[in-house]
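Undergrad: File follows, protein-v4.cif with mmCIF, C-alpha atoms and all ligand atoms:
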```cif
data_my_file
loop_
_atom_site.label_atom_id
_atom_site.label_comp_id
_atom_site.auth_asym_id
_atom_site.auth_seq_id
_atom_site.Cartn_x
_atom_site.Cartn_y
_atom_site.Cartn_z
CA MET B 1244 46.99 -30.19 25.67
CA SER B 1245 46.48 -32.02 28.98
CA GLU B 1246 45.09 -30.11 31.94
CA ALA B 1247 48.38 -30.57 33.81
CA ALA B 1248 50.31 -29.12 30.86
CA MET B 1249 48.15 -26.00 31.01
CA LEU B 1250 49.38 -25.25 34.52
CA ASN B 1251 52.46 -23.30 35.43
CA ARG B 1252 55.12 -25.98 35.67
CA HIS B 1253 56.22 -24.96 39.15
CA LEU B 1254 52.64 -25.05 40.41
CA ALA B 1255 51.96 -28.39 38.74
CA THR B 1256 54.64 -30.03 40.86
CA ALA B 1257 53.87 -28.12 44.09
CA LYS B 1258 52.55 -30.15 47.01
CA PRO B 1259 49.41 -28.95 48.79
CA SER B 1260 50.26 -28.05 52.39
CA ALA B 1261 50.32 -31.15 54.62
CA THR B 1262 48.64 -29.20 57.39
CA TYR B 1263 45.73 -28.27 55.11
CA ARG B 1264 45.56 -31.91 53.98
CA MET B 1265 45.17 -32.93 57.60
CA ILE B 1266 42.47 -30.27 58.09
CA ASP B 1267 40.62 -31.82 55.10
CA ARG B 1268 41.01 -35.32 56.57
CA VAL B 1269 39.69 -34.11 59.91
CA ALA B 1270 36.70 -32.49 58.16
CA ALA B 1271 35.99 -35.75 56.30
CA ARG B 1272 36.09 -37.75 59.57
CA ARG B 1273 33.84 -35.21 61.30
CA GLU B 1274 31.33 -35.53 58.47
CA THR B 1275 31.01 -39.19 59.40
CA GLY B 1276 30.01 -38.10 62.91
CA ALA B 1277 33.39 -38.79 64.56
CA LYS B 1278 34.31 -36.47 67.44
CA ILE B 1279 37.86 -35.44 66.58
CA ILE B 1280 40.23 -33.49 68.83
CA SER B 1281 42.52 -31.55 66.55
CA LEU B 1282 46.12 -31.03 67.61
CA SER B 1283 46.95 -30.13 64.03
CA ALA B 1284 45.93 -26.50 63.59
CA GLY B 1285 48.58 -23.79 63.65
CA GLU B 1286 46.54 -21.14 65.38
CA PRO B 1287 45.73 -19.92 68.88
CA ASP B 1288 42.33 -21.08 70.13
CA PHE B 1289 41.58 -17.72 71.80
CA ASP B 1290 39.20 -15.14 70.39
CA THR B 1291 40.71 -11.91 69.08
CA PRO B 1292 40.70 -9.44 72.04
CA ALA B 1293 37.54 -7.31 72.21
CA HIS B 1294 39.25 -3.92 71.84
CA ILE B 1295 40.74 -5.10 68.52
CA CYS B 1296 37.35 -6.28 67.23
CA ASP B 1297 35.81 -2.97 68.37
CA ALA B 1298 38.43 -1.04 66.39
CA ALA B 1299 37.48 -2.99 63.26
CA ILE B 1300 33.78 -2.32 63.77
CA SER B 1301 34.50 1.39 64.34
CA ALA B 1302 36.60 1.41 61.16
CA ILE B 1303 33.66 0.07 59.17
CA ARG B 1304 31.27 2.60 60.70
CA ALA B 1305 33.74 5.43 60.04
CA GLY B 1306 33.82 4.45 56.38
CA HIS B 1307 37.41 3.11 56.31
CA THR B 1308 36.29 0.67 53.68
CA ARG B 1309 38.25 1.79 50.63
CA TYR B 1310 41.56 0.88 49.05
CA THR B 1311 44.60 1.79 51.13
CA GLN B 1312 48.15 2.49 50.03
CA VAL B 1313 49.73 -0.72 48.77
CA ALA B 1314 52.36 -0.83 51.53
CA GLY B 1315 49.76 -0.12 54.22
CA LEU B 1316 48.11 2.75 56.07
CA ARG B 1317 50.65 5.22 57.35
CA PRO B 1318 49.50 5.05 61.01
CA LEU B 1319 49.85 1.28 60.90
CA ARG B 1320 53.28 1.49 59.30
CA GLU B 1321 54.28 3.95 62.03
CA ALA B 1322 53.04 1.50 64.66
CA VAL B 1323 54.93 -1.33 62.98
CA ALA B 1324 58.11 0.77 62.92
CA ALA B 1325 57.64 1.61 66.61
CA LYS B 1326 57.19 -2.11 67.36
CA PHE B 1327 60.44 -2.97 65.58
CA ARG B 1328 62.27 -0.13 67.36
CA ASN B 1329 60.91 -0.73 70.85
CA GLU B 1330 60.67 -4.52 70.96
CA ASN B 1331 63.51 -5.52 68.64
CA GLY B 1332 65.97 -2.63 68.85
CA LEU B 1333 65.91 -2.13 65.06
CA ASP B 1334 66.60 1.32 63.65
CA VAL B 1335 63.43 1.60 61.57
CA SER B 1336 61.21 4.43 60.35
CA TRP B 1337 57.75 3.92 58.84
CA GLN B 1338 59.15 4.07 55.30
CA ASP B 1339 61.24 0.98 56.13
CA THR B 1340 58.13 -1.15 56.63
CA ILE B 1341 55.55 -2.97 54.54
CA VAL B 1342 52.14 -4.35 55.51
CA CYS B 1343 50.87 -7.42 53.66
CA SER B 1344 47.90 -9.79 53.74
CA GLY B 1345 49.36 -12.07 56.40
CA GLY B 1346 52.90 -13.01 57.29
CA LYS B 1347 52.79 -15.53 54.47
CA GLN B 1348 52.43 -12.78 51.88
CA VAL B 1349 55.46 -10.98 53.32
CA ILE B 1350 57.46 -14.15 52.71
CA PHE B 1351 55.95 -14.78 49.30
CA ASN B 1352 56.54 -11.19 48.17
CA ALA B 1353 60.16 -11.22 49.29
CA LEU B 1354 61.00 -14.51 47.62
CA ALA B 1355 59.02 -13.87 44.42
CA ALA B 1356 60.58 -10.41 44.13
CA THR B 1357 64.14 -11.71 44.27
CA LEU B 1358 64.41 -15.31 43.07
CA ASN B 1359 65.27 -16.48 39.57
CA GLU B 1360 65.37 -19.97 38.10
CA GLY B 1361 68.07 -22.10 39.70
CA ASP B 1362 68.70 -19.81 42.68
CA GLU B 1363 69.06 -21.59 46.01
CA VAL B 1364 67.40 -20.89 49.35
CA ILE B 1365 68.68 -22.51 52.53
CA VAL B 1366 65.81 -23.97 54.55
CA PRO B 1367 66.75 -25.61 57.86
CA ALA B 1368 64.63 -28.73 58.51
CA PRO B 1369 62.29 -29.29 60.24
CA TYR B 1370 60.70 -26.32 58.47
CA TRP B 1371 57.34 -24.64 58.14
CA VAL B 1372 55.78 -26.46 55.20
CA SER B 1373 55.31 -23.35 53.07
CA TYR B 1374 58.99 -22.33 52.84
CA PRO B 1375 60.19 -24.97 50.37
CA GLU B 1376 56.94 -24.81 48.42
CA ILE B 1377 57.12 -21.03 47.97
CA VAL B 1378 60.78 -21.32 46.95
CA SER B 1379 59.89 -23.96 44.34
CA LEU B 1380 56.93 -21.94 43.08
CA CYS B 1381 59.41 -19.14 42.38
CA GLY B 1382 61.49 -21.52 40.23
CA ALA B 1383 64.29 -21.67 42.79
CA VAL B 1384 65.66 -24.67 44.67
CA PRO B 1385 65.29 -25.20 48.43
CA THR B 1386 68.55 -26.38 49.97
CA ILE B 1387 67.21 -28.41 52.88
CA VAL B 1388 69.62 -28.65 55.81
CA SER B 1389 68.63 -31.34 58.26
CA CYS B 1390 68.84 -30.14 61.87
CA GLY B 1391 68.21 -33.05 64.19
CA GLU B 1392 67.42 -33.33 67.85
CA HIS B 1393 71.14 -33.37 68.75
CA THR B 1394 71.35 -29.65 67.86
CA GLY B 1395 67.95 -28.87 69.39
CA PHE B 1396 66.53 -28.90 65.83
CA LYS B 1397 68.63 -25.78 65.14
CA LEU B 1398 71.01 -24.81 62.37
CA THR B 1399 74.67 -24.84 63.40
CA PRO B 1400 77.30 -22.48 61.95
CA ALA B 1401 79.12 -25.44 60.37
CA ALA B 1402 75.97 -26.72 58.67
CA LEU B 1403 75.20 -23.22 57.42
CA GLU B 1404 78.71 -22.76 56.05
CA ALA B 1405 78.52 -26.11 54.26
CA ALA B 1406 75.14 -25.25 52.69
CA ILE B 1407 76.10 -21.88 51.22
CA SER B 1408 77.01 -21.89 47.52
CA SER B 1409 77.51 -19.16 44.95
CA LYS B 1410 73.84 -19.69 44.00
CA THR B 1411 72.50 -19.12 47.51
CA ARG B 1412 70.18 -16.10 47.61
CA TRP B 1413 68.46 -16.51 50.98
CA LEU B 1414 68.68 -18.22 54.34
CA ILE B 1415 65.36 -18.65 56.12
CA LEU B 1416 65.44 -18.59 59.93
CA ASN B 1417 62.38 -19.17 62.10
CA SER B 1418 62.52 -18.74 65.86
CA PRO B 1419 60.49 -19.77 67.81
CA SER B 1420 60.04 -22.51 65.26
CA ASN B 1421 57.08 -24.11 63.66
CA PRO B 1422 57.11 -27.16 63.98
CA THR B 1423 59.63 -27.73 66.80
CA GLY B 1424 59.17 -24.75 69.13
CA ALA B 1425 62.97 -24.36 69.15
CA VAL B 1426 64.26 -20.90 70.07
CA TYR B 1427 67.64 -19.51 68.97
CA SER B 1428 69.59 -17.78 71.73
CA ARG B 1429 71.49 -14.54 71.19
CA ASP B 1430 74.78 -16.47 71.11
CA GLU B 1431 73.49 -18.96 68.56
CA LEU B 1432 72.33 -16.14 66.29
CA ALA B 1433 75.67 -14.35 66.74
CA GLU B 1434 77.50 -17.50 65.60
CA LEU B 1435 75.31 -17.81 62.51
CA ALA B 1436 75.85 -14.10 61.85
CA GLU B 1437 79.63 -14.66 61.86
CA VAL B 1438 79.21 -17.11 58.99
CA LEU B 1439 76.81 -14.84 57.12
CA LEU B 1440 79.14 -11.84 57.35
CA ALA B 1441 81.61 -13.77 55.21
CA HIS B 1442 78.98 -14.33 52.49
CA PRO B 1443 77.62 -10.93 51.47
CA HIS B 1444 75.54 -12.34 48.61
CA VAL B 1445 73.16 -14.11 51.03
CA LEU B 1446 69.95 -12.41 52.17
CA VAL B 1447 68.24 -13.51 55.38
CA LEU B 1448 64.56 -13.92 56.08
CA SER B 1449 63.94 -13.87 59.81
CA ASP B 1450 60.46 -15.22 60.43
CA ASP B 1451 59.59 -13.92 63.88
CA ILE B 1452 55.86 -14.65 63.76
CA TYR B 1453 56.00 -16.57 67.11
CA GLU B 1454 58.12 -13.90 68.83
CA HIS B 1455 55.76 -13.40 71.75
CA LEU B 1456 55.20 -17.08 72.45
CA ILE B 1457 58.45 -17.70 74.27
CA PHE B 1458 58.58 -19.46 77.63
CA ASP B 1459 60.48 -19.85 80.89
CA GLY B 1460 61.31 -16.13 81.04
CA ALA B 1461 63.58 -16.35 77.98
CA THR B 1462 64.25 -13.23 75.93
CA PHE B 1463 63.51 -13.15 72.24
CA HIS B 1464 66.30 -12.17 69.84
CA THR B 1465 66.20 -11.49 66.14
CA LEU B 1466 69.16 -11.61 63.77
CA ALA B 1467 69.27 -7.97 62.61
CA GLN B 1468 69.32 -6.87 66.25
CA VAL B 1469 72.05 -9.30 67.26
CA GLU B 1470 74.21 -8.34 64.26
CA PRO B 1471 73.28 -4.85 62.94
CA ARG B 1472 75.78 -5.27 60.09
CA LEU B 1473 73.33 -7.79 58.62
CA ALA B 1474 70.33 -5.42 58.80
CA SER B 1475 70.92 -4.16 55.26
CA ARG B 1476 70.29 -7.66 53.92
CA THR B 1477 67.79 -9.03 56.42
CA LEU B 1478 64.03 -9.04 56.05
CA THR B 1479 62.57 -9.20 59.54
CA MET B 1480 59.05 -10.53 59.26
CA ASN B 1481 56.28 -10.60 61.82
CA GLY B 1482 52.53 -10.12 62.11
CA VAL B 1483 49.49 -10.12 64.33
CA SER B 1484 48.27 -13.65 63.56
CA LYS B 1485 49.80 -15.59 66.43
CA ALA B 1486 50.55 -12.81 68.93
CA TYR B 1487 47.00 -11.41 69.07
CA ALA B 1488 44.96 -14.46 67.95
CA MET B 1489 44.23 -12.80 64.61
CA THR B 1490 44.95 -15.55 62.10
CA GLY B 1491 41.82 -14.80 60.07
CA TRP B 1492 42.43 -11.06 59.79
CA ARG B 1493 45.40 -11.59 57.48
CA ILE B 1494 47.86 -8.90 58.50
CA GLY B 1495 51.61 -9.42 58.44
CA PHE B 1496 54.44 -6.96 58.19
CA GLY B 1497 58.15 -6.69 57.67
CA THR B 1498 61.15 -4.42 57.67
CA GLY B 1499 64.28 -4.62 55.57
CA PRO B 1500 66.33 -2.75 53.02
CA ARG B 1501 64.31 -0.22 51.00
CA TRP B 1502 65.23 -1.73 47.61
CA LEU B 1503 63.65 -4.99 48.73
CA LEU B 1504 60.58 -3.37 50.26
CA ASP B 1505 60.08 -1.34 47.05
CA ALA B 1506 60.21 -4.52 44.96
CA MET B 1507 57.77 -6.26 47.31
CA GLU B 1508 55.40 -3.30 47.11
CA LYS B 1509 55.59 -3.32 43.31
CA LEU B 1510 54.71 -7.01 43.26
CA GLN B 1511 51.91 -6.64 45.79
CA GLY B 1512 50.50 -3.71 43.82
CA GLN B 1513 49.81 -6.08 40.91
CA GLN B 1514 48.49 -8.82 43.13
CA THR B 1515 46.37 -8.09 46.21
CA SER B 1516 47.03 -4.31 46.52
CA GLY B 1517 46.92 -3.04 50.10
CA ALA B 1518 45.78 -5.44 52.83
CA CYS B 1519 42.14 -5.30 53.97
CA SER B 1520 41.48 -1.74 55.27
CA ILE B 1521 39.40 -2.96 58.21
CA ALA B 1522 41.97 -5.53 59.25
CA GLN B 1523 44.66 -2.85 59.09
CA HIS B 1524 42.67 -0.74 61.57
CA ALA B 1525 42.32 -3.80 63.78
CA ALA B 1526 46.08 -4.46 63.59
CA LEU B 1527 46.73 -0.83 64.52
CA ALA B 1528 44.62 -1.29 67.65
CA ALA B 1529 46.48 -4.54 68.39
CA LEU B 1530 49.92 -2.90 68.19
CA THR B 1531 49.04 0.36 69.96
CA GLY B 1532 46.46 -0.85 72.51
CA PRO B 1533 46.89 -2.77 75.77
CA GLN B 1534 49.34 -5.68 75.48
CA THR B 1535 47.96 -7.71 78.39
CA PHE B 1536 46.61 -10.40 76.05
CA ILE B 1537 50.13 -11.40 75.04
CA GLU B 1538 51.20 -12.03 78.65
CA MET B 1539 48.03 -13.96 79.37
CA ALA B 1540 48.38 -16.15 76.25
CA ARG B 1541 52.05 -16.84 76.95
CA GLY B 1542 51.27 -18.03 80.50
CA VAL B 1543 48.44 -20.26 79.32
CA PHE B 1544 50.49 -21.76 76.48
CA GLN B 1545 53.37 -22.48 78.86
CA GLN B 1546 51.03 -24.42 81.19
CA ARG B 1547 49.66 -26.38 78.24
CA ARG B 1548 53.16 -27.08 76.99
CA ASP B 1549 54.14 -28.46 80.38
CA LEU B 1550 51.05 -30.69 80.45
CA ALA B 1551 51.43 -31.95 76.87
CA VAL B 1552 55.17 -32.62 77.14
CA ARG B 1553 54.75 -34.45 80.45
CA MET B 1554 51.90 -36.63 79.21
CA LEU B 1555 53.60 -37.40 75.90
CA ASN B 1556 56.82 -38.36 77.66
CA GLU B 1557 54.84 -40.67 79.95
CA THR B 1558 53.62 -42.52 76.85
CA PRO B 1559 55.89 -45.46 75.96
CA GLY B 1560 57.42 -45.11 72.50
CA ILE B 1561 56.92 -41.32 72.35
CA ARG B 1562 59.71 -38.97 73.40
CA CYS B 1563 59.64 -35.22 73.40
CA VAL B 1564 62.16 -32.49 74.22
CA THR B 1565 60.71 -29.43 75.95
CA PRO B 1566 60.14 -26.70 73.36
CA GLY B 1567 61.08 -23.13 74.30
CA GLY B 1568 58.35 -21.38 72.34
CA ALA B 1569 55.42 -21.36 69.88
CA PHE B 1570 52.61 -23.85 70.60
CA TYR B 1571 54.04 -27.02 69.13
CA ALA B 1572 55.67 -30.11 70.60
CA PHE B 1573 57.72 -32.13 68.13
CA ALA B 1574 57.89 -35.66 69.51
CA SER B 1575 59.75 -38.68 68.23
CA CYS B 1576 57.46 -41.62 67.46
CA LYS B 1577 60.32 -43.93 66.53
CA GLY B 1578 59.41 -46.25 69.39
CA LEU B 1579 55.99 -46.92 67.82
CA LEU B 1580 57.25 -47.99 64.41
CA GLY B 1581 56.99 -51.68 63.60
CA GLN B 1582 53.95 -52.11 65.89
CA THR B 1583 50.40 -52.94 64.81
CA THR B 1584 47.23 -51.05 65.75
CA PRO B 1585 44.01 -52.71 67.03
CA ALA B 1586 42.50 -52.16 63.54
CA GLY B 1587 45.41 -54.09 62.05
CA THR B 1588 47.55 -51.31 60.57
CA ARG B 1589 51.28 -51.86 60.80
CA LEU B 1590 52.96 -48.55 61.62
CA GLU B 1591 55.88 -48.16 59.20
CA THR B 1592 56.23 -44.37 59.08
CA ASP B 1593 55.32 -41.29 61.06
CA GLU B 1594 52.55 -40.61 58.52
CA ASP B 1595 51.08 -44.05 59.36
CA VAL B 1596 51.12 -43.03 63.03
CA ALA B 1597 49.36 -39.71 62.28
CA ILE B 1598 46.69 -41.39 60.15
CA ALA B 1599 46.13 -44.16 62.71
CA LEU B 1600 45.80 -41.57 65.50
CA LEU B 1601 43.08 -39.85 63.47
CA GLU B 1602 41.27 -42.99 62.35
CA GLU B 1603 41.51 -45.05 65.54
CA CYS B 1604 42.00 -42.53 68.32
CA ASN B 1605 40.13 -39.48 66.94
CA VAL B 1606 43.13 -37.21 67.53
CA ALA B 1607 44.48 -35.18 64.61
CA VAL B 1608 48.22 -34.42 64.44
CA VAL B 1609 50.69 -33.78 61.60
CA HIS B 1610 53.56 -36.16 60.84
CA GLY B 1611 57.09 -34.79 61.11
CA SER B 1612 58.22 -35.81 57.64
CA ALA B 1613 55.74 -33.26 56.25
CA PHE B 1614 58.05 -30.71 57.89
CA GLY B 1615 61.18 -32.41 56.56
CA LEU B 1616 62.11 -34.62 59.52
CA GLY B 1617 60.78 -38.02 60.52
CA PRO B 1618 59.87 -40.06 62.40
CA TYR B 1619 58.25 -37.31 64.45
CA ILE B 1620 54.77 -36.05 65.18
CA ARG B 1621 53.88 -32.39 65.63
CA PHE B 1622 51.38 -31.79 68.39
CA ALA B 1623 49.82 -28.30 68.32
CA TYR B 1624 48.70 -27.75 71.91
CA ALA B 1625 46.54 -24.66 71.25
CA LEU B 1626 43.64 -26.24 73.11
CA ASP B 1627 42.18 -25.90 76.59
CA THR B 1628 43.83 -28.13 79.19
CA ASP B 1629 40.82 -30.44 79.69
CA THR B 1630 40.63 -31.25 75.97
CA LEU B 1631 44.40 -31.54 75.80
CA ARG B 1632 44.36 -34.02 78.68
CA ILE B 1633 41.63 -36.07 76.99
CA ALA B 1634 43.69 -36.11 73.75
CA CYS B 1635 46.90 -37.18 75.53
CA ASP B 1636 44.99 -39.87 77.49
CA GLY B 1637 43.53 -41.12 74.20
CA ILE B 1638 47.01 -41.30 72.65
CA ARG B 1639 48.22 -43.23 75.70
CA HIS B 1640 45.36 -45.77 75.36
CA PHE B 1641 46.04 -46.08 71.63
CA VAL B 1642 49.73 -46.74 72.26
CA ASP B 1643 49.01 -49.23 75.07
CA ALA B 1644 46.83 -51.22 72.65
CA LEU B 1645 49.56 -51.59 70.01
CA THR B 1646 51.02 -55.04 69.50
CA ASP B 1647 54.45 -56.12 68.23
N1 LIG C 1701 55.53 -18.35 59.49
C1 LIG C 1701 55.29 -19.45 60.22
C2 LIG C 1701 56.45 -20.18 60.80
C3 LIG C 1701 53.99 -19.90 60.43
O1 LIG C 1701 53.78 -21.00 61.17
C4 LIG C 1701 52.92 -19.20 59.85
C5 LIG C 1701 51.53 -19.67 59.99
O2 LIG C 1701 51.24 -20.77 60.35
C6 LIG C 1701 53.21 -18.06 59.11
C7 LIG C 1701 54.53 -17.66 58.94
C8 LIG C 1701 52.13 -17.29 58.40
O3 LIG C 1701 51.45 -16.42 59.21
P1 LIG C 1701 50.16 -15.68 58.66
O4 LIG C 1701 48.99 -16.45 59.14
O5 LIG C 1701 50.25 -14.31 59.26
O6 LIG C 1701 50.22 -15.63 57.18
#
```
Do you think you could lay out the structure here as structure tokens?

TA:
Amino acid sequence: MSEAAMLNRHLATAKPSATYRMIDRVAARRETGAKIISLSAGEPDFDTPAHICDAAISAIRAGHTRYTQVAGLRPLREAVAAKFRNENGLDVSWQDTIVCSGGKQVIFNALAATLNEGDEVIVPAPYWVSYPEIVSLCGAVPTIVSCGEHTGFKLTPAALEAAISSKTRWLILNSPSNPTGAVYSRDELAELAEVLLAHPHVLVLSDDIYEHLIFDGATFHTLAQVEPRLASRTLTMNGVSKAYAMTGWRIGFGTGPRWLLDAMEKLQGQQTSGACSIAQHAALAALTGPQTFIEMARGVFQQRRDLAVRMLNETPGIRCVTPGGAFYAFASCKGLLGQTTPAGTRLETDEDVAIALLEECNVAVVHGSAFGLGPYIRFAYALDTDTLRIACDGIRHFVDALTD
């Protein structure tokens, strides 16, 4: 038997995450001594706030180092429920919550607990790279719905209606979005909800992980709040990774119908069990302690967004709409295609542009087609403004040196 034949057939065909591939490429370039500025990582560059780290250290010293309940420590689940009630207007008690090892495990648990071979999951593109891969790993089929710049990279009610079939099990919504930073307004969610109300067999995963990174004074809305009649079939997912600069702590959480949460808990119980006890204590401190970090981070990210979008738009051949949230700018690089770099590479695709930027300009980005829409480049601007300015200047010089 070949090695490939020994693998699970869904895993054998799964693609490694394009963002991790870029991280590997960056590491390989750095090993050669190159000084790379990475605009490819999907995480805040801030340190986790001190009071959260202190809570983790206290948890260790207090001996909170044992297994916890699979669905999470009760005080944390109570804090999660309070967060959903107070910030999102959801009618949630602690039993309606689950804590997992990162937001990604919430998503994985939900999909693995519900999908069967041949089921369909609607994934608006551009999408976070893991959605279609997780769907495929579960033996189901991602129904990719292309959402171009003309709709602000957002799913329209008509496109949703057209994508729903009798096999559709889930719709995945992500606002603010990775990779575009697009934010759905209350009205836009209400229009999608209208469509969903007519299709009671469709569950909805609302990935709200970038909730707090929303700019220009806009208000965040989530589907189950906008249309409470959908709450009984919506999994609202969130976590501490992006809001509190805690990507390495691996704590995510969700709320949804109890039958779904029970199934997710059952699955998690045979997989990772409860999330790390120390990280759960840290997440509790994050949710119940001072929230000043969130305001600070939002202000800083908005300034960086303004800088990055302005400098990218001043670069001939690159065009970028202003994103409303997250820390990504999704810029068209169509104007660069067909040109040749100083090292002699002809740029045919957005991936060529991303690789050339790394090899010739020492700036790491991820190409849009990895997220299901080209020719675009995703710039993650989670970097201090001086470094960001150096990166954007470098991109400008690189572009100025291209030849037809
Ligand atoms: N959802 C989106 C859209 C993301 O971009 C990410 C992380 O990059 C996650 C979920 C996963 O978050 P976590 O790090 O908590 O697993």

Undergrad: When distances are computed from only C-alpha atoms, which of B:Gly1615, B:Gly1578, B:Gly1497, B:Pro1585 shows the smallest separation from B:Val1335?

TA: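 Counting only C-alpha atoms, the residue closest to B:Val1335 is B:Gly1497.
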
Undergrad: May I have the residues within 7 Å of ligand LIG 1701 (chain C), computed using all atoms listed in the file, as a PDB file with C-alpha atoms, keeping the file's coordinate frame?

TA:
```
ATOM      1  CA  GLY B1285      48.580 -23.790  63.650  1.00  0.00           C
ATOM      2  CA  GLU B1286      46.540 -21.140  65.380  1.00  0.00           C
ATOM      3  CA  GLY B1345      49.360 -12.070  56.400  1.00  0.00           C
ATOM      4  CA  GLY B1346      52.900 -13.010  57.290  1.00  0.00           C
ATOM      5  CA  LYS B1347      52.790 -15.530  54.470  1.00  0.00           C
ATOM      6  CA  GLN B1348      52.430 -12.780  51.880  1.00  0.00           C
ATOM      7  CA  TRP B1371      57.340 -24.640  58.140  1.00  0.00           C
ATOM      8  CA  ASN B1417      62.380 -19.170  62.100  1.00  0.00           C
ATOM      9  CA  SER B1420      60.040 -22.510  65.260  1.00  0.00           C
ATOM     10  CA  ASN B1421      57.080 -24.110  63.660  1.00  0.00           C
ATOM     11  CA  ASP B1450      60.460 -15.220  60.430  1.00  0.00           C
ATOM     12  CA  ILE B1452      55.860 -14.650  63.760  1.00  0.00           C
ATOM     13  CA  GLY B1482      52.530 -10.120  62.110  1.00  0.00           C
ATOM     14  CA  VAL B1483      49.490 -10.120  64.330  1.00  0.00           C
ATOM     15  CA  SER B1484      48.270 -13.650  63.560  1.00  0.00           C
ATOM     16  CA  THR B1490      44.950 -15.550  62.100  1.00  0.00           C
ATOM     17  CA  ARG B1493      45.400 -11.590  57.480  1.00  0.00           C
ATOM     18  CA  ILE B1494      47.860  -8.900  58.500  1.00  0.00           C
ATOM     19  CA  GLY B1495      51.610  -9.420  58.440  1.00  0.00           C
TER      20      GLY B1495
END
```

Undergrad: Name the residues, using the chain letters and numbers of the file, that sit within 9 Å of (44.3, -41.5, 72.9) when counting only C-alpha atoms, and give them as a list in words.

TA: Leu1600, Glu1603, Cys1604, Asn1605, Val1606, Ile1633, Ala1634, Cys1635, Asp1636, Gly1637, Ile1638, Arg1639, His1640, Phe1641 and Val1642 of chain B

Undergrad: Might you pull out every residue within 10 Å of B:Arg1589, with all atoms listed in the file counted and same-chain residues fewer than 5 positions away left off, and present them as a ChimeraX atom specification?

TA: /B:1579-1584,1595-1596,1599,1645-1647

Undergrad: Which residues are close to stretch 1361-1363 of chain B, i.e. within 8 Å by all atoms listed in the file, leaving aside same-chain residues fewer than 2 positions away? Reply as a list of chain:residue names.

TA: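 With the cut-off at 8 Å, the set is B:Leu1358, B:Asn1359, B:Ile1365, B:Gly1382, B:Ala1383, B:Val1384, B:Pro1385, B:Thr1386, B:Lys1410, B:Thr1411, B:Arg1412, B:Trp1413.
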
Undergrad: Would you pick out the contacts of stretch 1502-1516 of chain B at 10 Å or less, using only C-alpha atoms, so that residues sharing its chain but fewer than 3 positions from it are not included, and give the list as a ChimeraX atom specification?

TA: /B:1310-1315,1338-1344,1348-1357,1475-1478,1497-1499,1519

Undergrad: Excluding same-chain residues fewer than 2 positions from B:Ala1474, what lies within 10 Å of it counting all atoms listed in the file, as a list in words?

TA: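 Surrounding residues, per the criterion: Leu1333, Asp1334, Leu1446, Val1447, Leu1466, Ala1467, Gln1468, Val1469, Glu1470, Pro1471, Arg1472, Arg1476, Thr1477, Leu1478, Thr1479, Thr1498, Gly1499 and Pro1500 of chain B.
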
Undergrad: Compare B:Thr1565, B:Ala1572, B:Asn1481, B:Tyr1624 by their minimum atom-to-atom distance to B:Asn1331, counting all atoms listed in the file, and give me the closest one.

TA: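 So, comparing all the options, the nearest one is B:Asn1481.
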
Undergrad: With only C-alpha atoms as the basis for distance, which of B:His1294, B:Arg1501, B:Lys1577, B:Arg1541 is at the shortest distance from B:Gly1460?

TA: B:Arg1541

Undergrad: Atom CA of B:Val1364 and atom CA of B:Ile1407 are how many Å apart?

TA: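 A separation of 9.0 Å between them.
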
Undergrad: Expressed in Å to a single decimal, how great is the separation between atom CA of B:His1307 and atom CA of B:Ala1528?

TA: 14.1 Å

Undergrad: Closest to B:Ala1368 among B:Leu1435, B:Phe1458, B:Ala1261, B:Gly1611, using all atoms listed in the file?

TA: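 Distance minimum relative to B:Ala1368 lands on B:Gly1611.
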
Undergrad: Rounded to one decimal place, report the atom CA of B:Leu1550-atom CA of B:Leu1631 distance in Å.

TA: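 Straight-line distance from atom CA of B:Leu1550 to atom CA of B:Leu1631 works out to 8.2 Å.
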